[in-house]
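*Asks:* Pasting in a structure now, in C-alpha cells, and then I'll have a few things to ask.
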Amino acid sequence: MAEAPAQATIGDSEFDRDTVVTPRLPGVYETELSAGWTIISAVNGGYLLAVVGRALAHALPHPDPFTISAHYLTASRPGPAEIRTEVVRTGRTLSTGQASLVQRDDEGREVERLRVLASYGDLDTLPDDVRTSAAPPAIPPYDQCFGPQDAPEVPAMPGDSSLTERLTLKLDPATLGWALGAPSGKGEMRSWFGLADGRDADPLSLLLAVDALPPTAFEMGLMGWVPTVELTVHIRCRPAPGPLRVSVTTRNLAGGFLEEDAEVWDSADRLVAQSRQLARVKLGA
C-alpha cells in the first residue's frame, strides 16, 4: 500500500478550513469558496453541497444530514458567497431546512447558484440493526489501484483541476480505460477515496465523496465537463476511520443527460452514503 499522508484531524484540515461559514445575520452565513476545489473553472458540486450542509448544521437543531437535495442553477466560481437558510420544521428526531447559495456577478448583480432542501438528525442515535442485500464494490486492493500521483502524465480529470490535488483517489484499473485512450464503454467508475491530508471522513465530507470521482461519461467515451443538474445524497451512518470505497454507475444516457448512482462504503464494510444525480453531457465530445 502507498504511504499514507500525515494525519489531519477533523477541524484542522484543508476541507474544514475551506468549508467554514460565518454567521452574519440570523440564518445568513458568509463563506469564501476556495479555488482549491474546482474542476476546470467551476467549483465542484460535492464541495458546494458540503459548504451549504455546514451552514444548515448551524441553522438546524440536529447535527447530521440524513438526506439533502440540491438543484444547481448556475456555475459557482471561487470567491465570496452568502448562504441563506430557513428552518422549515423541527421535530424530536428530524429537522428540515432549506438554503440558497448566492454570489455577485461581474456587474454586482446577485446570482443564485444552488438551492437545497435537507432533513437533519443525529446519526449517533440510530439503532445498530442492519438488514441489507447490498455488498461492497469489488475493487482491487489499494496498492493495485492507480491515481494521478502514480502516473502524473495521466490526469484524473481533463483540463486544469485543482480538486484532484486535495484528494487521494486510487481508481480501479477496470474503470481507468478512458485515461489510456481506451474507454470500456461501460458507465462505471470505482475508486478508493480519501482527503489528501489524511483527514478521516465524516458526514459532511461524504457529501463531497459522492461527487469527486471522474464522471462515468469518461468510460463511455465522452470527455469534457459533465455539470450536475440535481444531486440527492442519503447519509446512512457515521463512517469508520480509514479509506472509503466509492462506486458510481450509469444505466441510461439519453437526450444529453445521464444519471449517476453512487455508493460509499467505509473500512468496516458499511454502506455509509448513497446518492443519485442528474448531469448534462456534451454529446460528440
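Letters A, B, ... mark the chains of the C-alpha cells in the order given; residue numbers begin at 1 per chain; ligand numbers begin at 1, in order shown.
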As a ChimeraX atom specification, which residues of range 40-184 of chain A does DSSP assign to strand (DSSP E)?
*Replies:* /A:42-43,64-72,79-90,95-104,110-121,167-171
*Asks:* Grab the residues selected above and save them as a PDB file, in the first residue's frame with C-alpha atoms.
*Replies:*
```pdb
ATOM      1  CA  ALA A  42     -16.187  25.577 -11.911  1.00  0.00           C
ATOM      2  CA  VAL A  43     -16.420  24.801  -8.200  1.00  0.00           C
ATOM      3  CA  ASP A  64     -26.082  15.479  10.751  1.00  0.00           C
ATOM      4  CA  PRO A  65     -27.528  15.487   7.213  1.00  0.00           C
ATOM      5  CA  PHE A  66     -29.752  12.435   6.680  1.00  0.00           C
ATOM      6  CA  THR A  67     -30.984  13.454   3.227  1.00  0.00           C
ATOM      7  CA  ILE A  68     -30.004  16.521   1.240  1.00  0.00           C
ATOM      8  CA  SER A  69     -31.061  17.508  -2.282  1.00  0.00           C
ATOM      9  CA  ALA A  70     -29.557  20.309  -4.337  1.00  0.00           C
ATOM     10  CA  HIS A  71     -30.532  21.876  -7.646  1.00  0.00           C
ATOM     11  CA  TYR A  72     -27.574  23.554  -9.334  1.00  0.00           C
ATOM     12  CA  GLY A  79     -14.752  33.845  -4.115  1.00  0.00           C
ATOM     13  CA  PRO A  80     -17.228  35.278  -1.612  1.00  0.00           C
ATOM     14  CA  ALA A  81     -20.668  33.733  -1.287  1.00  0.00           C
ATOM     15  CA  GLU A  82     -23.667  34.009   1.007  1.00  0.00           C
ATOM     16  CA  ILE A  83     -25.834  31.165   2.272  1.00  0.00           C
ATOM     17  CA  ARG A  84     -29.380  31.957   3.336  1.00  0.00           C
ATOM     18  CA  THR A  85     -31.076  29.292   5.412  1.00  0.00           C
ATOM     19  CA  GLU A  86     -34.633  28.763   6.558  1.00  0.00           C
ATOM     20  CA  VAL A  87     -35.893  26.327   9.176  1.00  0.00           C
ATOM     21  CA  VAL A  88     -38.910  24.586   7.673  1.00  0.00           C
ATOM     22  CA  ARG A  89     -39.772  22.219  10.527  1.00  0.00           C
ATOM     23  CA  THR A  90     -38.226  20.904  13.721  1.00  0.00           C
ATOM     24  CA  SER A  95     -35.480  18.753  11.433  1.00  0.00           C
ATOM     25  CA  THR A  96     -35.892  20.108   7.916  1.00  0.00           C
ATOM     26  CA  GLY A  97     -34.425  23.231   6.381  1.00  0.00           C
ATOM     27  CA  GLN A  98     -33.733  24.854   3.069  1.00  0.00           C
ATOM     28  CA  ALA A  99     -30.887  27.040   1.860  1.00  0.00           C
ATOM     29  CA  SER A 100     -29.706  29.061  -1.123  1.00  0.00           C
ATOM     30  CA  LEU A 101     -26.136  29.923  -2.025  1.00  0.00           C
ATOM     31  CA  VAL A 102     -25.771  33.252  -3.845  1.00  0.00           C
ATOM     32  CA  GLN A 103     -22.868  35.189  -5.348  1.00  0.00           C
ATOM     33  CA  ARG A 104     -22.387  38.502  -7.160  1.00  0.00           C
ATOM     34  CA  GLU A 110     -26.965  38.789  -7.224  1.00  0.00           C
ATOM     35  CA  VAL A 111     -26.998  35.294  -8.766  1.00  0.00           C
ATOM     36  CA  GLU A 112     -28.374  32.198  -7.044  1.00  0.00           C
ATOM     37  CA  ARG A 113     -26.007  29.263  -7.574  1.00  0.00           C
ATOM     38  CA  LEU A 114     -27.856  26.392  -5.916  1.00  0.00           C
ATOM     39  CA  ARG A 115     -30.920  25.700  -3.795  1.00  0.00           C
ATOM     40  CA  VAL A 116     -31.031  22.948  -1.188  1.00  0.00           C
ATOM     41  CA  LEU A 117     -33.693  21.125   0.836  1.00  0.00           C
ATOM     42  CA  ALA A 118     -32.485  18.832   3.620  1.00  0.00           C
ATOM     43  CA  SER A 119     -33.515  16.838   6.679  1.00  0.00           C
ATOM     44  CA  TYR A 120     -31.074  16.534   9.593  1.00  0.00           C
ATOM     45  CA  GLY A 121     -30.904  14.194  12.557  1.00  0.00           C
ATOM     46  CA  LEU A 167      -7.948  14.104  -2.768  1.00  0.00           C
ATOM     47  CA  THR A 168      -6.361  10.693  -2.643  1.00  0.00           C
ATOM     48  CA  LEU A 169      -8.034   8.753  -5.444  1.00  0.00           C
ATOM     49  CA  LYS A 170      -6.983   5.198  -6.315  1.00  0.00           C
ATOM     50  CA  LEU A 171      -9.019   4.153  -9.335  1.00  0.00           C
TER      51      LEU A 171
END
```
*Asks:* For the helix (DSSP H, G or I) assignment from backbone DSSP, which residues of range 25-104 of chain A qualify? Please present them as a list in words.
*Replies:*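 Everything in range 25-104 of chain A that counts as helix (DSSP H, G or I) is Ala35, Gly36, Trp37, Gly45, Gly46, Tyr47, Leu48, Leu49, Ala50, Val51, Val52, Gly53, Arg54, Ala55, Leu56, Ala57, His58 and Ala59 of chain A.
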*Asks:* Near Ile235 in chain A, within 8 Å and counting only C-alpha atoms, which residues show up once chain neighbours fewer than 2 positions away are dropped, as a ChimeraX atom specification?
*Replies:* /A:65-67,203,206,233,237-238,272-274
*Asks:* Output C-alpha atoms of each residue in that selection to a file, as a short mmCIF file (atom, residue, chain, number, x, y, z; two decimals), in the first residue's frame.
*Replies:*
```cif
data_model
loop_
_atom_site.label_atom_id
_atom_site.label_comp_id
_atom_site.auth_asym_id
_atom_site.auth_seq_id
_atom_site.Cartn_x
_atom_site.Cartn_y
_atom_site.Cartn_z
CA PRO A 65 -27.53 15.49 7.21
CA PHE A 66 -29.75 12.43 6.68
CA THR A 67 -30.98 13.45 3.23
CA PRO A 203 -20.95 13.08 7.24
CA LEU A 206 -19.33 12.20 2.42
CA VAL A 233 -27.46 12.31 -1.03
CA CYS A 237 -24.24 6.16 9.24
CA ARG A 238 -21.11 7.84 10.57
CA VAL A 272 -22.39 4.94 4.72
CA ALA A 273 -23.79 7.06 1.86
CA GLN A 274 -25.86 6.75 -1.29
#
```
*Asks:* Excluding Ala217 in chain A and its own-chain neighbours fewer than 2 positions away, which residues fall within 12 Å of it when counting only C-alpha atoms? Please give them as number ranges by chain.
*Replies:* A: 157, 175-178, 183-189, 213-215, 219-227, 248-254, 256-260, 279-285
*Asks:* For those residues, write N, CA and C atoms to a file as a CSV table (one decimal), in the first residue's frame.
*Replies:*
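Dumped to again.csv:
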```
chain,number,residue,atom,x,y,z
A,157,MET,N,-8.6,14.1,-14.1
A,157,MET,CA,-9.6,14.8,-14.8
A,157,MET,C,-8.9,15.6,-16.0
A,175,THR,N,-11.8,0.6,-14.5
A,175,THR,CA,-12.5,1.8,-14.9
A,175,THR,C,-11.6,2.9,-15.3
A,176,LEU,N,-10.4,2.6,-15.6
A,176,LEU,CA,-9.4,3.6,-16.0
A,176,LEU,C,-9.0,3.7,-17.4
A,177,GLY,N,-9.8,2.9,-18.3
A,177,GLY,CA,-9.5,2.9,-19.7
A,177,GLY,C,-9.6,4.2,-20.4
A,178,TRP,N,-10.5,5.1,-19.9
A,178,TRP,CA,-10.6,6.5,-20.5
A,178,TRP,C,-9.3,7.2,-20.4
A,183,PRO,N,-11.5,3.7,-23.5
A,183,PRO,CA,-12.7,3.6,-22.5
A,183,PRO,C,-13.4,2.3,-22.7
A,184,SER,N,-13.9,1.7,-21.6
A,184,SER,CA,-14.6,0.4,-21.7
A,184,SER,C,-15.9,0.5,-22.4
A,185,GLY,N,-16.6,1.7,-22.4
A,185,GLY,CA,-17.9,1.8,-22.9
A,185,GLY,C,-19.0,1.6,-21.9
A,186,LYS,N,-18.6,1.2,-20.7
A,186,LYS,CA,-19.5,1.0,-19.6
A,186,LYS,C,-19.6,2.2,-18.7
A,187,GLY,N,-20.7,2.5,-18.2
A,187,GLY,CA,-20.9,3.6,-17.3
A,187,GLY,C,-20.6,3.3,-15.9
A,188,GLU,N,-19.3,3.1,-15.6
A,188,GLU,CA,-18.9,2.6,-14.3
A,188,GLU,C,-17.6,3.4,-13.9
A,189,MET,N,-17.5,3.7,-12.6
A,189,MET,CA,-16.3,4.3,-12.0
A,189,MET,C,-16.2,3.8,-10.6
A,213,LEU,N,-15.4,11.5,-8.0
A,213,LEU,CA,-14.7,10.7,-9.0
A,213,LEU,C,-14.8,11.3,-10.4
A,214,PRO,N,-14.0,10.9,-11.3
A,214,PRO,CA,-14.2,11.2,-12.7
A,214,PRO,C,-15.6,10.8,-13.1
A,215,PRO,N,-16.2,11.5,-14.0
A,215,PRO,CA,-17.6,11.2,-14.4
A,215,PRO,C,-17.6,9.8,-15.2
A,219,GLU,N,-15.8,6.9,-19.2
A,219,GLU,CA,-15.7,5.5,-19.6
A,219,GLU,C,-16.6,5.1,-20.7
A,220,MET,N,-17.6,6.0,-21.0
A,220,MET,CA,-18.5,5.8,-22.1
A,220,MET,C,-17.9,6.5,-23.4
A,221,GLY,N,-16.7,7.1,-23.2
A,221,GLY,CA,-16.0,7.7,-24.4
A,221,GLY,C,-16.4,9.1,-24.6
A,222,LEU,N,-17.0,9.8,-23.6
A,222,LEU,CA,-17.4,11.2,-23.7
A,222,LEU,C,-16.6,12.0,-22.8
A,223,MET,N,-15.6,12.7,-23.3
A,223,MET,CA,-14.8,13.6,-22.4
A,223,MET,C,-15.3,15.0,-22.4
A,224,GLY,N,-15.0,15.7,-21.3
A,224,GLY,CA,-15.4,17.1,-21.2
A,224,GLY,C,-16.2,17.3,-19.9
A,225,TRP,N,-16.6,18.5,-19.7
A,225,TRP,CA,-17.3,18.9,-18.4
A,225,TRP,C,-18.7,18.2,-18.4
A,226,VAL,N,-19.0,17.6,-17.2
A,226,VAL,CA,-20.3,17.0,-17.0
A,226,VAL,C,-21.0,17.7,-15.8
A,227,PRO,N,-21.6,18.8,-16.1
A,227,PRO,CA,-22.2,19.6,-14.9
A,227,PRO,C,-23.4,18.9,-14.3
A,248,VAL,N,-19.6,4.2,-8.6
A,248,VAL,CA,-20.6,5.1,-9.4
A,248,VAL,C,-21.0,4.3,-10.6
A,249,THR,N,-22.3,4.3,-10.9
A,249,THR,CA,-22.8,3.6,-12.1
A,249,THR,C,-23.8,4.5,-12.9
A,250,THR,N,-23.8,4.3,-14.2
A,250,THR,CA,-24.8,5.0,-15.0
A,250,THR,C,-25.5,3.9,-15.9
A,251,ARG,N,-26.8,3.8,-15.9
A,251,ARG,CA,-27.5,2.9,-16.7
A,251,ARG,C,-28.1,3.5,-18.0
A,252,ASN,N,-28.3,4.8,-17.9
A,252,ASN,CA,-29.1,5.4,-19.0
A,252,ASN,C,-28.6,6.8,-19.4
A,253,LEU,N,-28.1,6.9,-20.6
A,253,LEU,CA,-27.7,8.2,-21.1
A,253,LEU,C,-28.7,8.5,-22.3
A,254,ALA,N,-29.5,9.6,-22.2
A,254,ALA,CA,-30.5,9.9,-23.2
A,254,ALA,C,-30.7,11.4,-23.2
A,256,GLY,N,-28.8,13.8,-23.9
A,256,GLY,CA,-27.8,14.6,-23.4
A,256,GLY,C,-27.7,14.7,-21.9
A,257,PHE,N,-28.5,13.8,-21.2
A,257,PHE,CA,-28.5,13.7,-19.7
A,257,PHE,C,-28.2,12.3,-19.3
A,258,LEU,N,-27.5,12.1,-18.2
A,258,LEU,CA,-27.3,10.8,-17.6
A,258,LEU,C,-27.5,10.9,-16.1
A,259,GLU,N,-27.8,9.7,-15.5
A,259,GLU,CA,-27.9,9.6,-14.0
A,259,GLU,C,-26.6,9.0,-13.5
A,260,GLU,N,-26.2,9.3,-12.4
A,260,GLU,CA,-25.1,8.6,-11.7
A,260,GLU,C,-25.5,8.2,-10.3
A,279,ALA,N,-27.0,14.7,-14.6
A,279,ALA,CA,-26.0,15.6,-15.1
A,279,ALA,C,-26.1,15.7,-16.6
A,280,ARG,N,-25.6,16.8,-17.1
A,280,ARG,CA,-25.6,17.0,-18.6
A,280,ARG,C,-24.3,16.5,-19.2
A,281,VAL,N,-24.4,16.0,-20.4
A,281,VAL,CA,-23.3,15.5,-21.2
A,281,VAL,C,-23.2,16.2,-22.5
A,282,LYS,N,-22.0,16.6,-22.9
A,282,LYS,CA,-21.9,17.1,-24.3
A,282,LYS,C,-21.6,16.0,-25.2
A,283,LEU,N,-22.7,15.6,-26.0
A,283,LEU,CA,-22.6,14.5,-26.9
A,283,LEU,C,-21.7,14.9,-28.0
A,284,GLY,N,-20.9,13.8,-28.5
A,284,GLY,CA,-20.0,14.0,-29.5
A,284,GLY,C,-18.7,14.6,-29.1
A,285,ALA,N,-18.5,14.8,-27.8
A,285,ALA,CA,-17.2,15.4,-27.3
A,285,ALA,C,-16.1,14.4,-27.5
```
*Asks:* Show me, as a PyMOL selection string, the residues that have an atom within 6 Å of Val246 in chain A when counting only C-alpha atoms, minus same-chain residues fewer than 5 positions from it.
*Replies:* chain A and resi 190-191+263-264
*Asks:* Would you mind exporting the chosen residues as a compact mmCIF listing (two decimals), in the first residue's frame, restricted to N, CA, C and O atoms?
*Replies:*
```txt
# COMPACT_ATOMS: atom_id res chain seq x y z
N ARG A 190 -15.03 3.29 -10.22
CA ARG A 190 -14.81 2.81 -8.85
C ARG A 190 -13.45 3.28 -8.36
O ARG A 190 -12.48 3.29 -9.13
N SER A 191 -13.39 3.61 -7.07
CA SER A 191 -12.13 4.13 -6.56
C SER A 191 -12.09 4.04 -5.04
O SER A 191 -13.13 4.11 -4.36
N GLU A 263 -22.49 4.74 -4.43
CA GLU A 263 -22.47 4.14 -3.10
C GLU A 263 -21.10 4.40 -2.48
O GLU A 263 -20.09 4.33 -3.17
N VAL A 264 -21.11 4.69 -1.18
CA VAL A 264 -19.86 4.91 -0.45
C VAL A 264 -19.81 3.92 0.71
O VAL A 264 -20.75 3.86 1.52
```
*Asks:* Between A:Pro63, A:Pro23, A:Pro78, A:Pro140, which is the closest to Thr125 in chain A once you count only C-alpha atoms?
*Replies:*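 Of A:Pro63, A:Pro23, A:Pro78, A:Pro140, the one nearest Thr125 in chain A is A:Pro63, counting only C-alpha atoms.
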*Asks:* Taking 4 positions as the minimum chain separation for residues in the same chain, which residues sit within 10 Å of Arg54 in chain A when counting only C-alpha atoms? Answer as a list in words.
*Replies:*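 Residues near the query, excluding close chain neighbours: Asp16, Thr19, Val20, Val21, Leu48, Leu49, Ala50, His58, Ala59, Pro63, Asp64, Pro65 and Leu204 of chain A.
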*Asks:* For the residues selected in the previous step, produce a file with N, CA and C atoms as a short mmCIF file (atom, residue, chain, number, x, y, z; two decimals), in the first residue's frame.
*Replies:*
```
data_model
loop_
_atom_site.label_atom_id
_atom_site.label_comp_id
_atom_site.auth_asym_id
_atom_site.auth_seq_id
_atom_site.Cartn_x
_atom_site.Cartn_y
_atom_site.Cartn_z
N ASP A 16 -11.93 21.40 6.20
CA ASP A 16 -12.65 22.14 7.24
C ASP A 16 -12.45 23.64 7.08
N THR A 19 -14.53 25.02 4.17
CA THR A 19 -16.00 24.95 4.28
C THR A 19 -16.51 25.77 5.46
N VAL A 20 -15.68 26.62 6.02
CA VAL A 20 -16.09 27.46 7.14
C VAL A 20 -17.21 28.40 6.69
N VAL A 21 -18.22 28.54 7.54
CA VAL A 21 -19.28 29.52 7.33
C VAL A 21 -19.33 30.42 8.56
N LEU A 48 -19.53 22.21 -2.86
CA LEU A 48 -20.57 23.21 -2.62
C LEU A 48 -21.64 22.67 -1.66
N LEU A 49 -22.02 21.41 -1.88
CA LEU A 49 -23.04 20.81 -1.02
C LEU A 49 -22.54 20.71 0.42
N ALA A 50 -21.25 20.43 0.60
CA ALA A 50 -20.68 20.36 1.94
C ALA A 50 -20.69 21.73 2.61
N HIS A 58 -25.49 24.43 11.30
CA HIS A 58 -25.55 25.53 12.27
C HIS A 58 -26.99 25.99 12.49
N ALA A 59 -27.76 26.02 11.42
CA ALA A 59 -29.10 26.61 11.49
C ALA A 59 -30.13 25.69 12.13
N PRO A 63 -27.48 17.71 14.19
CA PRO A 63 -26.14 17.94 13.65
C PRO A 63 -25.83 17.33 12.29
N ASP A 64 -26.54 16.27 11.90
CA ASP A 64 -26.08 15.48 10.75
C ASP A 64 -27.09 15.47 9.60
N PRO A 65 -26.62 15.63 8.35
CA PRO A 65 -27.53 15.49 7.21
C PRO A 65 -27.94 14.02 7.05
N LEU A 204 -20.20 15.32 6.58
CA LEU A 204 -20.07 16.41 5.62
C LEU A 204 -19.12 16.05 4.47
#
```
*Asks:* Give me the residues near range 133-136 of chain A as number ranges by chain, where near means some atom within 10 Å (using only C-alpha atoms) and where sequence neighbours in that chain fewer than 3 positions away do not count.
*Replies:* A: 130, 139, 245-247, 263-266, 269-271
*Asks:* How many Å lie between CA of Gln277 in chain A and CA of Leu208 in chain A, rounded to one decimal?
*Replies:*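 Separating CA of Gln277 in chain A from CA of Leu208 in chain A is a distance of 12.9 Å.
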